[in-house]
Amino acid sequence: MIIAIDGPSGTGKSTIAKKVASKLNYLYFDTGAMYRSFAYLLSKKHISFEDDDKIKEALSDFDFDIQKDQSGYVFLLDSEDVSATIRQEKISKLASEIAKKPYVRKWLLPVQKSFARKGNIVCEGRDMGSVVFPEAEVKIFLTATPEIRAERRLKQLIEKFPEKASAYSFEKVLEEINARDHQDTTRKVAPLKKVDDAYLLDTSNLTIDEIVDEVISYKKTKEES
């Protein structure tokens, strides 16, 4: 079974998907980590986002994998653990930019689909239910107010990068959230959107455990219908 979880930044997609996968003993696939890892690769190689030829070369050399260890999921780029590095705001912005390129999304689509062949999975991103896994048996679209999402994102940044805490402010994060929403929903290729057969779940006033329980409850309902 494929459980596809989509939604904008700050709705808790990664946390929810991990916990749902853990409770169901499913595999977890973070498609955003894949785009972030590729963006990081371009940044590390000093490849301009305007240099399509160099980007295509980098795609042919892109070696990405997800592994699980005692502490959780590890994202590997050329066997290097980039789990923390790709969560930086700079990389997040670059990932959103590179994801707008049609040939990049087309190239990486088979990579994403290949994870589905590993067994039952919970995948999350922005176009899981609409483009990557339209055949998914369970589709969830998470949402929350921009203000709530900015609060969550700010807390996450401070926890992961405490040495840079002074560089973050609620106003700045909220501005970036709104800019990212506009970019993701208006891009020409695979824009962020809720598909008709996705279950809309507003996470604004719910705890992580409540959201997880709601997703699993909806999965059971779909299985019984």
# chains A, B, ... in the order shown; residues from 1 in each chain; ligands from 1
call {"tool": "residues_around", "arguments": {"residues": "Asp197 in chain A", "least_positions_apart": "2", "cutoff": "12 Å", "atoms": "only C-alpha atoms", "output": "list in words"}}
result
Ala4, Gly129, Ser130, Pro134, Glu135, Ala136, Glu137, Val138, Lys139, Ile140, Phe141, Lys193, Lys194, Val195, Tyr199, Leu200 and Lys222 of chain A
call {"tool": "residues_around", "arguments": {"residues": "Arg187 in chain A", "least_positions_apart": "4", "cutoff": "8 Å", "atoms": "only C-alpha atoms", "output": "VMD selection string"}}
result
chain A and resid 100 183 191
call {"tool": "closest_residue", "arguments": {"among": "A:Lys13, A:Lys19, A:Arg36, A:Lys188", "to": "Leu201 in chain A", "atoms": "only C-alpha atoms"}}
result
A:Lys13
call {"tool": "select_by_dssp", "arguments": {"residues": "range 27-222 of chain A", "states": "helix (DSSP H, G or I)", "output": "PyMOL selection string"}}
result
chain A and resi 31-44+52-60+85-87+89-98+102-116+128-132+146-160+162-167+170-186+208-222
call {"tool": "select_by_dssp", "arguments": {"residues": "range 59-139 of chain A", "states": "strand (DSSP E)", "output": "VMD selection string"}}
result
chain A and resid 64 to 69 72 to 77 80 to 81 121 to 125 138 to 139
call {"tool": "residues_around", "arguments": {"residues": "range 104-118 of chain A", "least_positions_apart": "5", "cutoff": "8 Å", "atoms": "only C-alpha atoms", "output": "list in words"}}
result
Ile2, Leu27, Phe29, Thr31, Lys56, Leu59, Ile98, Ala99, Val132 and Phe133 of chain A
call {"tool": "write_last_selection", "arguments": {"atoms": "C-alpha atoms", "output": "mmCIF file, in the first residue's frame"}}
result
data_model
loop_
_atom_site.group_PDB
_atom_site.id
_atom_site.type_symbol
_atom_site.label_atom_id
_atom_site.label_comp_id
_atom_site.auth_asym_id
_atom_site.auth_seq_id
_atom_site.Cartn_x
_atom_site.Cartn_y
_atom_site.Cartn_z
ATOM 1 C CA ILE A 2 1.073 3.574 -0.715
ATOM 2 C CA LEU A 27 8.888 2.299 4.777
ATOM 3 C CA PHE A 29 10.148 8.185 1.817
ATOM 4 C CA THR A 31 10.803 13.212 -1.490
ATOM 5 C CA LYS A 56 21.846 17.609 -16.479
ATOM 6 C CA LEU A 59 21.587 14.512 -12.566
ATOM 7 C CA ILE A 98 15.472 23.530 -8.801
ATOM 8 C CA ALA A 99 12.143 21.695 -8.469
ATOM 9 C CA VAL A 132 4.305 10.728 -8.364
ATOM 10 C CA PHE A 133 1.778 8.244 -6.951
#
